[in-house]
>>> print(open('query-v5.pdb').read())   # PDB, C-alpha atoms
ATOM      1  CA  VAL A   1      13.256 -37.129 -34.207  1.00  0.00           C
ATOM      2  CA  SER A   2      11.238 -33.986 -33.670  1.00  0.00           C
ATOM      3  CA  ILE A   3      11.581 -31.954 -30.541  1.00  0.00           C
ATOM      4  CA  THR A   4       8.430 -30.260 -29.376  1.00  0.00           C
ATOM      5  CA  PRO A   5       8.388 -27.672 -26.632  1.00  0.00           C
ATOM      6  CA  PRO A   6       6.643 -28.646 -23.415  1.00  0.00           C
ATOM      7  CA  HIS A   7       2.989 -27.730 -23.276  1.00  0.00           C
ATOM      8  CA  HIS A   8       2.133 -25.093 -20.710  1.00  0.00           C
ATOM      9  CA  PRO A   9      -1.535 -24.698 -19.848  1.00  0.00           C
ATOM     10  CA  PRO A  10      -2.832 -21.253 -20.769  1.00  0.00           C
ATOM     11  CA  SER A  11      -3.144 -18.796 -17.941  1.00  0.00           C
ATOM     12  CA  SER A  12      -6.600 -17.713 -16.886  1.00  0.00           C
ATOM     13  CA  HIS A  13      -5.442 -14.091 -17.058  1.00  0.00           C
ATOM     14  CA  PRO A  14      -4.347 -12.291 -20.206  1.00  0.00           C
ATOM     15  CA  PRO A  15      -0.661 -11.290 -20.215  1.00  0.00           C
ATOM     16  CA  SER A  16      -1.496  -7.590 -19.913  1.00  0.00           C
ATOM     17  CA  SER A  17      -3.247  -8.093 -16.549  1.00  0.00           C
ATOM     18  CA  ARG A  18      -0.172  -9.688 -14.972  1.00  0.00           C
ATOM     19  CA  MET A  19       2.212  -6.854 -15.787  1.00  0.00           C
ATOM     20  CA  LEU A  20       2.228  -3.261 -14.644  1.00  0.00           C
ATOM     21  CA  SER A  21       2.274  -0.435 -17.136  1.00  0.00           C
ATOM     22  CA  ASP A  22       5.183   2.010 -17.031  1.00  0.00           C
ATOM     23  CA  GLN A  23       2.953   4.581 -15.347  1.00  0.00           C
ATOM     24  CA  GLN A  24       1.974   2.088 -12.639  1.00  0.00           C
ATOM     25  CA  LYS A  25       5.621   1.136 -12.106  1.00  0.00           C
ATOM     26  CA  ILE A  26       6.496   4.802 -11.561  1.00  0.00           C
ATOM     27  CA  GLY A  27       3.563   5.085  -9.137  1.00  0.00           C
ATOM     28  CA  VAL A  28       4.759   2.069  -7.154  1.00  0.00           C
ATOM     29  CA  LEU A  29       8.278   3.521  -7.075  1.00  0.00           C
ATOM     30  CA  LEU A  30       6.997   6.878  -5.797  1.00  0.00           C
ATOM     31  CA  MET A  31       4.869   5.163  -3.143  1.00  0.00           C
ATOM     32  CA  GLY A  32       7.887   3.103  -2.089  1.00  0.00           C
ATOM     33  CA  PHE A  33      10.021   6.231  -1.747  1.00  0.00           C
ATOM     34  CA  GLY A  34       7.184   7.879   0.165  1.00  0.00           C
ATOM     35  CA  ILE A  35       6.976   4.995   2.618  1.00  0.00           C
ATOM     36  CA  PHE A  36      10.782   5.001   2.973  1.00  0.00           C
ATOM     37  CA  PHE A  37      10.953   8.742   3.703  1.00  0.00           C
ATOM     38  CA  THR A  38       8.049   8.516   6.136  1.00  0.00           C
ATOM     39  CA  PHE A  39       9.641   5.579   7.956  1.00  0.00           C
ATOM     40  CA  PHE A  40      13.012   7.345   8.014  1.00  0.00           C
ATOM     41  CA  GLY A  41      11.329  10.518   9.329  1.00  0.00           C
ATOM     42  CA  VAL A  42       9.736   8.547  12.171  1.00  0.00           C
ATOM     43  CA  ILE A  43      13.059   6.863  12.988  1.00  0.00           C
ATOM     44  CA  LEU A  44      14.728  10.289  13.171  1.00  0.00           C
ATOM     45  CA  LEU A  45      12.301  11.390  15.894  1.00  0.00           C
ATOM     46  CA  PHE A  46       9.517  12.712  13.659  1.00  0.00           C
ATOM     47  CA  ASP A  47      11.602  14.907  11.391  1.00  0.00           C
ATOM     48  CA  ARG A  48       9.043  17.231   9.816  1.00  0.00           C
ATOM     49  CA  GLY A  49      10.863  17.610   6.496  1.00  0.00           C
ATOM     50  CA  LEU A  50      11.277  13.890   5.850  1.00  0.00           C
ATOM     51  CA  LEU A  51       7.693  13.169   6.891  1.00  0.00           C
ATOM     52  CA  ALA A  52       6.361  15.891   4.573  1.00  0.00           C
ATOM     53  CA  ILE A  53       8.438  14.608   1.642  1.00  0.00           C
ATOM     54  CA  GLY A  54       7.303  11.060   2.360  1.00  0.00           C
ATOM     55  CA  ASN A  55       3.657  12.069   2.471  1.00  0.00           C
ATOM     56  CA  LEU A  56       3.854  14.027  -0.756  1.00  0.00           C
ATOM     57  CA  LEU A  57       5.718  11.238  -2.555  1.00  0.00           C
ATOM     58  CA  PHE A  58       3.198   8.657  -1.358  1.00  0.00           C
ATOM     59  CA  LEU A  59       0.251  10.763  -2.562  1.00  0.00           C
ATOM     60  CA  ALA A  60       1.994  11.418  -5.878  1.00  0.00           C
ATOM     61  CA  GLY A  61       2.595   7.683  -6.257  1.00  0.00           C
ATOM     62  CA  VAL A  62      -1.050   6.872  -5.648  1.00  0.00           C
ATOM     63  CA  CYS A  63      -2.112   9.518  -8.178  1.00  0.00           C
ATOM     64  CA  VAL A  64       0.382   8.392 -10.821  1.00  0.00           C
ATOM     65  CA  GLY A  65      -0.198   4.689 -10.225  1.00  0.00           C
ATOM     66  CA  LEU A  66      -3.981   4.761 -10.325  1.00  0.00           C
ATOM     67  CA  GLY A  67      -4.560   7.806 -12.506  1.00  0.00           C
ATOM     68  CA  GLY A  68      -6.442  10.951 -11.581  1.00  0.00           C
ATOM     69  CA  ARG A  69     -10.011   9.727 -11.938  1.00  0.00           C
ATOM     70  CA  LYS A  70      -9.484   6.420 -10.114  1.00  0.00           C
ATOM     71  CA  THR A  71      -7.632   8.243  -7.337  1.00  0.00           C
ATOM     72  CA  MET A  72     -10.522  10.659  -6.848  1.00  0.00           C
ATOM     73  CA  ASN A  73     -13.022   7.797  -6.949  1.00  0.00           C
ATOM     74  CA  PHE A  74     -10.977   5.841  -4.395  1.00  0.00           C
ATOM     75  CA  PHE A  75     -10.408   8.651  -1.899  1.00  0.00           C
ATOM     76  CA  PHE A  76     -13.889  10.116  -2.057  1.00  0.00           C
ATOM     77  CA  GLN A  77     -16.044   7.008  -1.763  1.00  0.00           C
ATOM     78  CA  LYS A  78     -18.809   7.545   0.762  1.00  0.00           C
ATOM     79  CA  ARG A  79     -17.575   4.735   3.015  1.00  0.00           C
ATOM     80  CA  LYS A  80     -13.967   6.033   2.948  1.00  0.00           C
ATOM     81  CA  ILE A  81     -14.575   9.736   3.569  1.00  0.00           C
ATOM     82  CA  ARG A  82     -13.630   9.495   7.263  1.00  0.00           C
ATOM     83  CA  GLY A  83     -10.308   7.854   6.362  1.00  0.00           C
ATOM     84  CA  THR A  84      -9.662  10.391   3.618  1.00  0.00           C
ATOM     85  CA  THR A  85     -10.372  13.294   5.952  1.00  0.00           C
ATOM     86  CA  CYS A  86      -8.071  11.950   8.672  1.00  0.00           C
ATOM     87  CA  PHE A  87      -5.318  11.045   6.204  1.00  0.00           C
ATOM     88  CA  LEU A  88      -5.288  14.453   4.507  1.00  0.00           C
ATOM     89  CA  PHE A  89      -5.660  16.321   7.804  1.00  0.00           C
ATOM     90  CA  GLY A  90      -2.730  14.321   9.198  1.00  0.00           C
ATOM     91  CA  ILE A  91      -0.617  15.352   6.203  1.00  0.00           C
ATOM     92  CA  PHE A  92      -1.638  18.964   6.806  1.00  0.00           C
ATOM     93  CA  LEU A  93      -0.620  18.685  10.471  1.00  0.00           C
ATOM     94  CA  VAL A  94       2.771  17.208   9.522  1.00  0.00           C
ATOM     95  CA  ILE A  95       3.455  19.979   7.011  1.00  0.00           C
ATOM     96  CA  THR A  96       2.465  22.697   9.494  1.00  0.00           C
ATOM     97  CA  GLY A  97       4.804  21.369  12.186  1.00  0.00           C
ATOM     98  CA  TRP A  98       2.693  19.045  14.361  1.00  0.00           C
ATOM     99  CA  ALA A  99       4.588  15.943  13.236  1.00  0.00           C
ATOM    100  CA  PHE A 100       3.745  13.477  16.019  1.00  0.00           C
ATOM    101  CA  ILE A 101       0.028  14.315  16.183  1.00  0.00           C
ATOM    102  CA  GLY A 102      -0.110  14.443  12.381  1.00  0.00           C
ATOM    103  CA  ILE A 103       1.396  10.975  12.012  1.00  0.00           C
ATOM    104  CA  CYS A 104      -1.071   9.561  14.558  1.00  0.00           C
ATOM    105  CA  VAL A 105      -4.062  11.103  12.749  1.00  0.00           C
ATOM    106  CA  GLU A 106      -2.617  10.059   9.409  1.00  0.00           C
ATOM    107  CA  ALA A 107      -2.106   6.456  10.598  1.00  0.00           C
ATOM    108  CA  PHE A 108      -5.749   6.262  11.651  1.00  0.00           C
ATOM    109  CA  GLY A 109      -6.792   7.562   8.249  1.00  0.00           C
ATOM    110  CA  PHE A 110      -4.385   5.211   6.469  1.00  0.00           C
ATOM    111  CA  ILE A 111      -5.842   2.182   8.230  1.00  0.00           C
ATOM    112  CA  ASN A 112      -9.375   3.290   7.358  1.00  0.00           C
ATOM    113  CA  LEU A 113      -8.458   3.981   3.733  1.00  0.00           C
ATOM    114  CA  PHE A 114      -6.174   1.088   2.908  1.00  0.00           C
ATOM    115  CA  GLY A 115      -7.367  -1.549   5.388  1.00  0.00           C
ATOM    116  CA  ASP A 116      -9.021  -3.468   2.559  1.00  0.00           C
ATOM    117  CA  PHE A 117      -5.602  -3.968   0.948  1.00  0.00           C
ATOM    118  CA  PHE A 118      -3.976  -5.624   3.976  1.00  0.00           C
ATOM    119  CA  PRO A 119      -5.266  -9.153   3.193  1.00  0.00           C
ATOM    120  CA  VAL A 120      -3.980  -8.839  -0.383  1.00  0.00           C
ATOM    121  CA  ALA A 121      -0.594  -7.607   0.877  1.00  0.00           C
ATOM    122  CA  PHE A 122      -0.351 -10.467   3.398  1.00  0.00           C
ATOM    123  CA  ALA A 123      -1.221 -13.023   0.712  1.00  0.00           C
ATOM    124  CA  PHE A 124       1.461 -11.524  -1.537  1.00  0.00           C
ATOM    125  CA  LEU A 125       4.076 -11.542   1.243  1.00  0.00           C
ATOM    126  CA  LYS A 126       3.306 -15.194   2.053  1.00  0.00           C
ATOM    127  CA  ARG A 127       4.311 -16.127  -1.510  1.00  0.00           C
ATOM    128  CA  MET A 128       7.692 -14.375  -1.367  1.00  0.00           C
ATOM    129  CA  PRO A 129      10.738 -16.636  -0.869  1.00  0.00           C
ATOM    130  CA  ILE A 130      12.306 -15.380   2.382  1.00  0.00           C
ATOM    131  CA  ILE A 131       9.476 -13.399   3.936  1.00  0.00           C
ATOM    132  CA  GLY A 132       6.995 -16.170   3.133  1.00  0.00           C
ATOM    133  CA  SER A 133       8.761 -18.597   5.437  1.00  0.00           C
ATOM    134  CA  PHE A 134       8.248 -16.142   8.315  1.00  0.00           C
ATOM    135  CA  PHE A 135       4.519 -15.860   7.539  1.00  0.00           C
ATOM    136  CA  ASN A 136       4.263 -19.671   7.491  1.00  0.00           C
ATOM    137  CA  LEU A 137       5.593 -20.115  11.044  1.00  0.00           C
ATOM    138  CA  PRO A 138       2.962 -21.787  13.266  1.00  0.00           C
ATOM    139  CA  GLY A 139       1.933 -18.812  15.429  1.00  0.00           C
ATOM    140  CA  VAL A 140       2.202 -16.233  12.685  1.00  0.00           C
ATOM    141  CA  LYS A 141       0.299 -18.412  10.189  1.00  0.00           C
ATOM    142  CA  GLN A 142      -2.804 -18.663  12.395  1.00  0.00           C
ATOM    143  CA  LEU A 143      -2.729 -14.940  13.111  1.00  0.00           C
ATOM    144  CA  PHE A 144      -2.545 -13.854   9.475  1.00  0.00           C
ATOM    145  CA  ASP A 145      -4.802 -16.580   8.044  1.00  0.00           C
ATOM    146  CA  ARG A 146      -7.738 -14.817   9.683  1.00  0.00           C
ATOM    147  CA  TYR A 147      -7.055 -11.687   7.643  1.00  0.00           C
ATOM    148  CA  VAL A 148      -6.182 -13.275   4.314  1.00  0.00           C
ATOM    149  CA  THR A 149      -9.560 -14.299   2.973  1.00  0.00           C
ATOM    150  CA  GLY A 150      -9.646 -12.871  -0.547  1.00  0.00           C
ATOM    151  CA  SER A 151      -7.109 -12.083  -3.190  1.00  0.00           C
ATOM    152  CA  SER A 152      -8.824  -9.392  -5.225  1.00  0.00           C
ATOM    153  CA  LEU A 153      -8.048  -5.713  -5.030  1.00  0.00           C
ATOM    154  CA  PRO A 154     -10.860  -3.537  -3.628  1.00  0.00           C
ATOM    155  CA  LEU A 155     -10.914  -0.856  -6.346  1.00  0.00           C
TER
END
>>> encode(input="query-v5.pdb", output="structure tokens")
Amino acid sequence: VSITPPHHPPSSHPPSSRMLSDQQKIGVLLMGFGIFFTFFGVILLFDRGLLAIGNLLFLAGVCVGLGGRKTMNFFFQKRKIRGTTCFLFGIFLVITGWAFIGICVEAFGFINLFGDFFPVAFAFLKRMPIIGSFFNLPGVKQLFDRYVTGSSLPL
């Protein structure tokens, strides 16, 4: 009797495209810390130090995760220049002490810069075990289904 392993159909993507490189993992980690520090700074009534650290970590994470050239290409696309300007000016305002106004300007820039990623993020969250059940609730599902149309990254 010969035992043969079960046949798994080949994936349409090569294995290297499904995994992150070490550099990308470090970038994601830095962005995660940046988001955490920014969120914590907002919770602590717009603490300037935490917001500045969060902003710098987030930018460092984007640079490390994408690489220098892709980061420059992403931030300085003609259609994203308004978002880039607001995002960087908001960071400048936070660092110079205008934390609340800086976060508002930065949020506007963030939405303009990274708004294309929201459908991809929502699609990813819908596939997660615990969070996915929340996104599949009747009212929430109709709301987010409008925004989740594609699953490719806009790079």
>>> closest_residue(input="query-v5.pdb", among="A:Gly83, A:Trp98, A:Leu30, A:Gln142", to="Leu113 of chain A", atoms="only C-alpha atoms")
A:Gly83
>>> closest_residue(input="query-v5.pdb", among="A:Ile26, A:Leu125, A:Ile91, A:Cys86", to="Gly49 of chain A", atoms="all atoms listed in the file")
A:Ile91
>>> atom_distance(input="query-v5.pdb", atom1="atom CA of Gly27 of chain A", atom2="atom CA of Gly90 of chain A")
21.5 Å
>>> atom_distance(input="query-v5.pdb", atom1="atom CA of Gly109 of chain A", atom2="atom CA of Asp145 of chain A")
24.2 Å
>>> resolve_selection(input="query-v5.pdb", expression="the PyMOL selection byres ((chain A and resi 80) around 12)", output="JSON list (two decimals) with C-alpha atoms, in the coordinates of the input")
[["chain", "number", "residue", "atom", "x", "y", "z"],
["A", 72, "MET", "CA", -10.52, 10.66, -6.85],
["A", 73, "ASN", "CA", -13.02, 7.80, -6.95],
["A", 74, "PHE", "CA", -10.98, 5.84, -4.39],
["A", 75, "PHE", "CA", -10.41, 8.65, -1.90],
["A", 76, "PHE", "CA", -13.89, 10.12, -2.06],
["A", 77, "GLN", "CA", -16.04, 7.01, -1.76],
["A", 78, "LYS", "CA", -18.81, 7.54, 0.76],
["A", 79, "ARG", "CA", -17.58, 4.74, 3.02],
["A", 81, "ILE", "CA", -14.58, 9.74, 3.57],
["A", 82, "ARG", "CA", -13.63, 9.49, 7.26],
["A", 83, "GLY", "CA", -10.31, 7.85, 6.36],
["A", 84, "THR", "CA", -9.66, 10.39, 3.62],
["A", 85, "THR", "CA", -10.37, 13.29, 5.95],
["A", 86, "CYS", "CA", -8.07, 11.95, 8.67],
["A", 87, "PHE", "CA", -5.32, 11.04, 6.20],
["A", 108, "PHE", "CA", -5.75, 6.26, 11.65],
["A", 109, "GLY", "CA", -6.79, 7.56, 8.25],
["A", 110, "PHE", "CA", -4.38, 5.21, 6.47],
["A", 111, "ILE", "CA", -5.84, 2.18, 8.23],
["A", 112, "ASN", "CA", -9.38, 3.29, 7.36],
["A", 113, "LEU", "CA", -8.46, 3.98, 3.73],
["A", 114, "PHE", "CA", -6.17, 1.09, 2.91],
["A", 115, "GLY", "CA", -7.37, -1.55, 5.39],
["A", 116, "ASP", "CA", -9.02, -3.47, 2.56],
["A", 155, "LEU", "CA", -10.91, -0.86, -6.35]]
>>> resolve_selection(input="query-v5.pdb", expression="the PyMOL selection byres ((chain A and resi 52) around 9)", output="PyMOL selection string")
chain A and resi 37-38+41+47-51+53-57+91-92+94-95+99
>>> closest_residue(input="query-v5.pdb", among="A:Gly65, A:Pro138, A:Phe46, A:Leu59", to="Gln24 of chain A", atoms="all atoms listed in the file")
A:Gly65
>>> atom_distance(input="query-v5.pdb", atom1="atom CA of Gly67 of chain A", atom2="atom CA of Phe117 of chain A")
17.9 Å
>>> build_atoms(input="query-v5.pdb", residues="segment 70-95 of chain A", atoms="N, CA and C atoms", output="mmCIF file, keeping the file's coordinate frame")
data_model
loop_
_atom_site.group_PDB
_atom_site.id
_atom_site.type_symbol
_atom_site.label_atom_id
_atom_site.label_comp_id
_atom_site.auth_asym_id
_atom_site.auth_seq_id
_atom_site.Cartn_x
_atom_site.Cartn_y
_atom_site.Cartn_z
ATOM 1 N N LYS A 70 -9.382 7.538 -11.063
ATOM 2 C CA LYS A 70 -9.484 6.420 -10.114
ATOM 3 C C LYS A 70 -9.058 6.848 -8.713
ATOM 4 N N THR A 71 -8.063 7.745 -8.639
ATOM 5 C CA THR A 71 -7.632 8.243 -7.337
ATOM 6 C C THR A 71 -8.756 9.012 -6.663
ATOM 7 N N MET A 72 -9.409 9.897 -7.414
ATOM 8 C CA MET A 72 -10.522 10.659 -6.848
ATOM 9 C C MET A 72 -11.662 9.725 -6.437
ATOM 10 N N ASN A 73 -11.964 8.750 -7.292
ATOM 11 C CA ASN A 73 -13.022 7.797 -6.949
ATOM 12 C C ASN A 73 -12.678 6.996 -5.698
ATOM 13 N N PHE A 74 -11.394 6.620 -5.558
ATOM 14 C CA PHE A 74 -10.977 5.841 -4.395
ATOM 15 C C PHE A 74 -11.061 6.667 -3.114
ATOM 16 N N PHE A 75 -10.481 7.850 -3.117
ATOM 17 C CA PHE A 75 -10.408 8.651 -1.899
ATOM 18 C C PHE A 75 -11.757 9.221 -1.475
ATOM 19 N N PHE A 76 -12.637 9.446 -2.407
ATOM 20 C CA PHE A 76 -13.889 10.116 -2.057
ATOM 21 C C PHE A 76 -15.107 9.204 -2.162
ATOM 22 N N GLN A 77 -14.917 7.913 -1.917
ATOM 23 C CA GLN A 77 -16.044 7.008 -1.763
ATOM 24 C C GLN A 77 -16.748 7.351 -0.456
ATOM 25 N N LYS A 78 -18.040 7.174 -0.430
ATOM 26 C CA LYS A 78 -18.809 7.545 0.762
ATOM 27 C C LYS A 78 -18.330 6.793 2.005
ATOM 28 N N ARG A 79 -17.989 5.530 1.848
ATOM 29 C CA ARG A 79 -17.575 4.735 3.015
ATOM 30 C C ARG A 79 -16.135 5.029 3.441
ATOM 31 N N LYS A 80 -15.361 5.750 2.621
ATOM 32 C CA LYS A 80 -13.967 6.033 2.948
ATOM 33 C C LYS A 80 -13.725 7.503 3.267
ATOM 34 N N ILE A 81 -14.765 8.299 3.379
ATOM 35 C CA ILE A 81 -14.575 9.736 3.569
ATOM 36 C C ILE A 81 -13.938 10.058 4.923
ATOM 37 N N ARG A 82 -14.251 9.280 5.953
ATOM 38 C CA ARG A 82 -13.630 9.495 7.263
ATOM 39 C C ARG A 82 -12.128 9.232 7.191
ATOM 40 N N GLY A 83 -11.726 8.158 6.524
ATOM 41 C CA GLY A 83 -10.308 7.854 6.362
ATOM 42 C C GLY A 83 -9.598 8.905 5.528
ATOM 43 N N THR A 84 -10.253 9.353 4.464
ATOM 44 C CA THR A 84 -9.662 10.391 3.618
ATOM 45 C C THR A 84 -9.453 11.674 4.398
ATOM 46 N N THR A 85 -10.470 12.062 5.164
ATOM 47 C CA THR A 85 -10.372 13.294 5.952
ATOM 48 C C THR A 85 -9.231 13.210 6.955
ATOM 49 N N CYS A 86 -9.145 12.106 7.691
ATOM 50 C CA CYS A 86 -8.071 11.950 8.672
ATOM 51 C C CYS A 86 -6.705 11.891 8.002
ATOM 52 N N PHE A 87 -6.597 11.180 6.898
ATOM 53 C CA PHE A 87 -5.318 11.045 6.204
ATOM 54 C C PHE A 87 -4.824 12.406 5.707
ATOM 55 N N LEU A 88 -5.696 13.150 5.037
ATOM 56 C CA LEU A 88 -5.288 14.453 4.507
ATOM 57 C C LEU A 88 -5.054 15.469 5.622
ATOM 58 N N PHE A 89 -5.872 15.415 6.674
ATOM 59 C CA PHE A 89 -5.660 16.321 7.804
ATOM 60 C C PHE A 89 -4.350 15.994 8.518
ATOM 61 N N GLY A 90 -4.003 14.720 8.616
ATOM 62 C CA GLY A 90 -2.730 14.321 9.198
ATOM 63 C C GLY A 90 -1.553 14.845 8.386
ATOM 64 N N ILE A 91 -1.665 14.794 7.059
ATOM 65 C CA ILE A 91 -0.617 15.352 6.203
ATOM 66 C C ILE A 91 -0.505 16.850 6.432
ATOM 67 N N PHE A 92 -1.644 17.519 6.530
ATOM 68 C CA PHE A 92 -1.638 18.964 6.806
ATOM 69 C C PHE A 92 -0.952 19.259 8.142
ATOM 70 N N LEU A 93 -1.251 18.482 9.167
ATOM 71 C CA LEU A 93 -0.620 18.685 10.471
ATOM 72 C C LEU A 93 0.896 18.473 10.404
ATOM 73 N N VAL A 94 1.333 17.462 9.658
ATOM 74 C CA VAL A 94 2.771 17.208 9.522
ATOM 75 C C VAL A 94 3.448 18.388 8.838
ATOM 76 N N ILE A 95 2.852 18.877 7.763
ATOM 77 C CA ILE A 95 3.455 19.979 7.011
ATOM 78 C C ILE A 95 3.504 21.258 7.842
#
